[in-house]
Amino acid sequence: MKKIIMTVAILAMSISTLAGSVTVGGRKTLTKIIASERGNHIKFESKFPSLVMRISKRDVFKGMTRIGKTRTIVEIERNGIINTDARNVAATLDRIGDGLWVKTRTTQMFITEKELKRIKR
């Protein structure tokens, strides 16, 4: 019984360290998302699947402070390869509850409040 409780506790701690979810082609995956700033862009990078979304700082802050939807352009990189046809994609930033959704036609990324606080500094 103690082993079961310990296993459940370890799984709960590992899930709480995840910073979001990614949906690519209808498959939703819980993953760790790392945000970093470079110049006037913010880069959201997920580990599995390997996906990078670059959004301008102005649009991210606008999406974080407003409740509702904000339209923007997102640069998407999958598996280290930038697709030249779909590099700049129209996206919607949607502030819902405890996080921010970045939604394109085929890809969605949810960034939790925990990771967004790192950007606010």
# chains A, B, ... in the order shown; residues from 1 in each chain; ligands from 1
>>> select_by_dssp(residues="chain A", states="alpha helix (DSSP H)", output="ChimeraX atom specification")
/A:2-16,57-65,113-120
>>> closest_atom_pairs(of="segment 19-81 of chain A", to="segment 99-121 of chain A", cutoff="6 Å", atoms="only C-alpha atoms", output="JSON lines")
{"residue": "A:Ala19", "atom": "CA", "partner": "A:Thr112", "partner_atom": "CA", "distance": 5.6}
{"residue": "A:Gly20", "atom": "CA", "partner": "A:Ile111", "partner_atom": "CA", "distance": 4.9}
{"residue": "A:Ser21", "atom": "CA", "partner": "A:Phe110", "partner_atom": "CA", "distance": 5.2}
{"residue": "A:Val22", "atom": "CA", "partner": "A:Met109", "partner_atom": "CA", "distance": 4.5}
{"residue": "A:Thr23", "atom": "CA", "partner": "A:Gln108", "partner_atom": "CA", "distance": 4.9}
{"residue": "A:Val24", "atom": "CA", "partner": "A:Thr107", "partner_atom": "CA", "distance": 4.7}
{"residue": "A:Gly25", "atom": "CA", "partner": "A:Thr106", "partner_atom": "CA", "distance": 5.8}
>>> write_last_selection(atoms="all heavy atoms", output="PDB file, in the first residue's frame")
ATOM      1  N   ALA A  19       4.537  22.362 -17.792  1.00  0.00           N
ATOM      2  CA  ALA A  19       4.125  23.751 -17.932  1.00  0.00           C
ATOM      3  C   ALA A  19       3.161  23.962 -19.085  1.00  0.00           C
ATOM      4  O   ALA A  19       3.075  25.048 -19.604  1.00  0.00           O
ATOM      5  CB  ALA A  19       5.351  24.628 -18.104  1.00  0.00           C
ATOM      6  N   GLY A  20       2.455  22.943 -19.524  1.00  0.00           N
ATOM      7  CA  GLY A  20       1.484  23.161 -20.580  1.00  0.00           C
ATOM      8  C   GLY A  20       1.190  21.925 -21.398  1.00  0.00           C
ATOM      9  O   GLY A  20       1.568  20.817 -21.037  1.00  0.00           O
ATOM     10  N   SER A  21       0.501  22.156 -22.494  1.00  0.00           N
ATOM     11  CA  SER A  21       0.173  21.062 -23.398  1.00  0.00           C
ATOM     12  C   SER A  21       0.279  21.551 -24.836  1.00  0.00           C
ATOM     13  O   SER A  21       0.151  22.731 -25.119  1.00  0.00           O
ATOM     14  CB  SER A  21      -1.235  20.534 -23.128  1.00  0.00           C
ATOM     15  OG  SER A  21      -2.196  21.491 -23.497  1.00  0.00           O
ATOM     16  N   VAL A  22       0.518  20.598 -25.733  1.00  0.00           N
ATOM     17  CA  VAL A  22       0.647  20.887 -27.160  1.00  0.00           C
ATOM     18  C   VAL A  22      -0.269  19.934 -27.911  1.00  0.00           C
ATOM     19  O   VAL A  22      -0.296  18.739 -27.631  1.00  0.00           O
ATOM     20  CB  VAL A  22       2.108  20.699 -27.634  1.00  0.00           C
ATOM     21  CG1 VAL A  22       2.210  20.856 -29.130  1.00  0.00           C
ATOM     22  CG2 VAL A  22       3.024  21.671 -26.937  1.00  0.00           C
ATOM     23  N   THR A  23      -1.016  20.480 -28.868  1.00  0.00           N
ATOM     24  CA  THR A  23      -1.852  19.661 -29.745  1.00  0.00           C
ATOM     25  C   THR A  23      -1.390  19.876 -31.176  1.00  0.00           C
ATOM     26  O   THR A  23      -1.430  20.990 -31.680  1.00  0.00           O
ATOM     27  CB  THR A  23      -3.333  20.062 -29.607  1.00  0.00           C
ATOM     28  OG1 THR A  23      -3.708  20.008 -28.241  1.00  0.00           O
ATOM     29  CG2 THR A  23      -4.218  19.148 -30.416  1.00  0.00           C
ATOM     30  N   VAL A  24      -0.917  18.801 -31.796  1.00  0.00           N
ATOM     31  CA  VAL A  24      -0.467  18.855 -33.189  1.00  0.00           C
ATOM     32  C   VAL A  24      -1.223  17.780 -33.946  1.00  0.00           C
ATOM     33  O   VAL A  24      -1.124  16.603 -33.624  1.00  0.00           O
ATOM     34  CB  VAL A  24       1.058  18.616 -33.303  1.00  0.00           C
ATOM     35  CG1 VAL A  24       1.484  18.608 -34.753  1.00  0.00           C
ATOM     36  CG2 VAL A  24       1.826  19.658 -32.522  1.00  0.00           C
ATOM     37  N   GLY A  25      -1.977  18.183 -34.941  1.00  0.00           N
ATOM     38  CA  GLY A  25      -2.714  17.233 -35.759  1.00  0.00           C
ATOM     39  C   GLY A  25      -3.736  16.421 -34.975  1.00  0.00           C
ATOM     40  O   GLY A  25      -3.959  15.260 -35.279  1.00  0.00           O
TER      41      GLY A  25
END
>>> residues_around(residues="Arg71 of chain A", least_positions_apart="2", cutoff="7 Å", atoms="only C-alpha atoms", output="list in words")
Lys69, Ala91, Thr92 and Leu93 of chain A
>>> write_last_selection(atoms="N, CA and C atoms", output="PDB file, in the first residue's frame")
ATOM      1  N   LYS A  69      -9.839  37.204 -26.955  1.00  0.00           N
ATOM      2  CA  LYS A  69      -8.958  36.758 -28.029  1.00  0.00           C
ATOM      3  C   LYS A  69      -8.190  37.918 -28.652  1.00  0.00           C
ATOM      4  N   ALA A  91      -2.529  33.349 -35.964  1.00  0.00           N
ATOM      5  CA  ALA A  91      -2.856  32.639 -34.733  1.00  0.00           C
ATOM      6  C   ALA A  91      -3.754  33.503 -33.858  1.00  0.00           C
ATOM      7  N   THR A  92      -4.378  32.842 -32.900  1.00  0.00           N
ATOM      8  CA  THR A  92      -5.219  33.508 -31.917  1.00  0.00           C
ATOM      9  C   THR A  92      -4.647  33.259 -30.540  1.00  0.00           C
ATOM     10  N   LEU A  93      -4.430  34.329 -29.779  1.00  0.00           N
ATOM     11  CA  LEU A  93      -4.034  34.219 -28.380  1.00  0.00           C
ATOM     12  C   LEU A  93      -5.295  34.364 -27.559  1.00  0.00           C
TER      13      LEU A  93
END
>>> select_by_dssp(residues="chain A", states="strand (DSSP E or B)", output="MDAnalysis selection string")
chainID A and resid 20:24 27:31 33:38 41:46 51:56 68:78 81:82 88:96 99:103 107:112
>>> closest_residue(among="A:Arg95, A:Ser46, A:Ser36, A:Thr29", to="Arg66 of chain A", atoms="only C-alpha atoms")
A:Arg95
>>> closest_residue(among="A:Gly97, A:Pro49, A:Ala90, A:Arg78", to="Met64 of chain A", atoms="only C-alpha atoms")
A:Gly97
>>> atom_distance(atom1="atom CA of Gly39 of chain A", atom2="atom CA of Asp59 of chain A")
13.8 Å
>>> atom_distance(atom1="atom CA of Ile73 of chain A", atom2="atom CA of Ile42 of chain A")
12.3 Å
>>> atom_distance(atom1="atom CA of Lys57 of chain A", atom2="atom CA of Gly26 of chain A")
27.6 Å
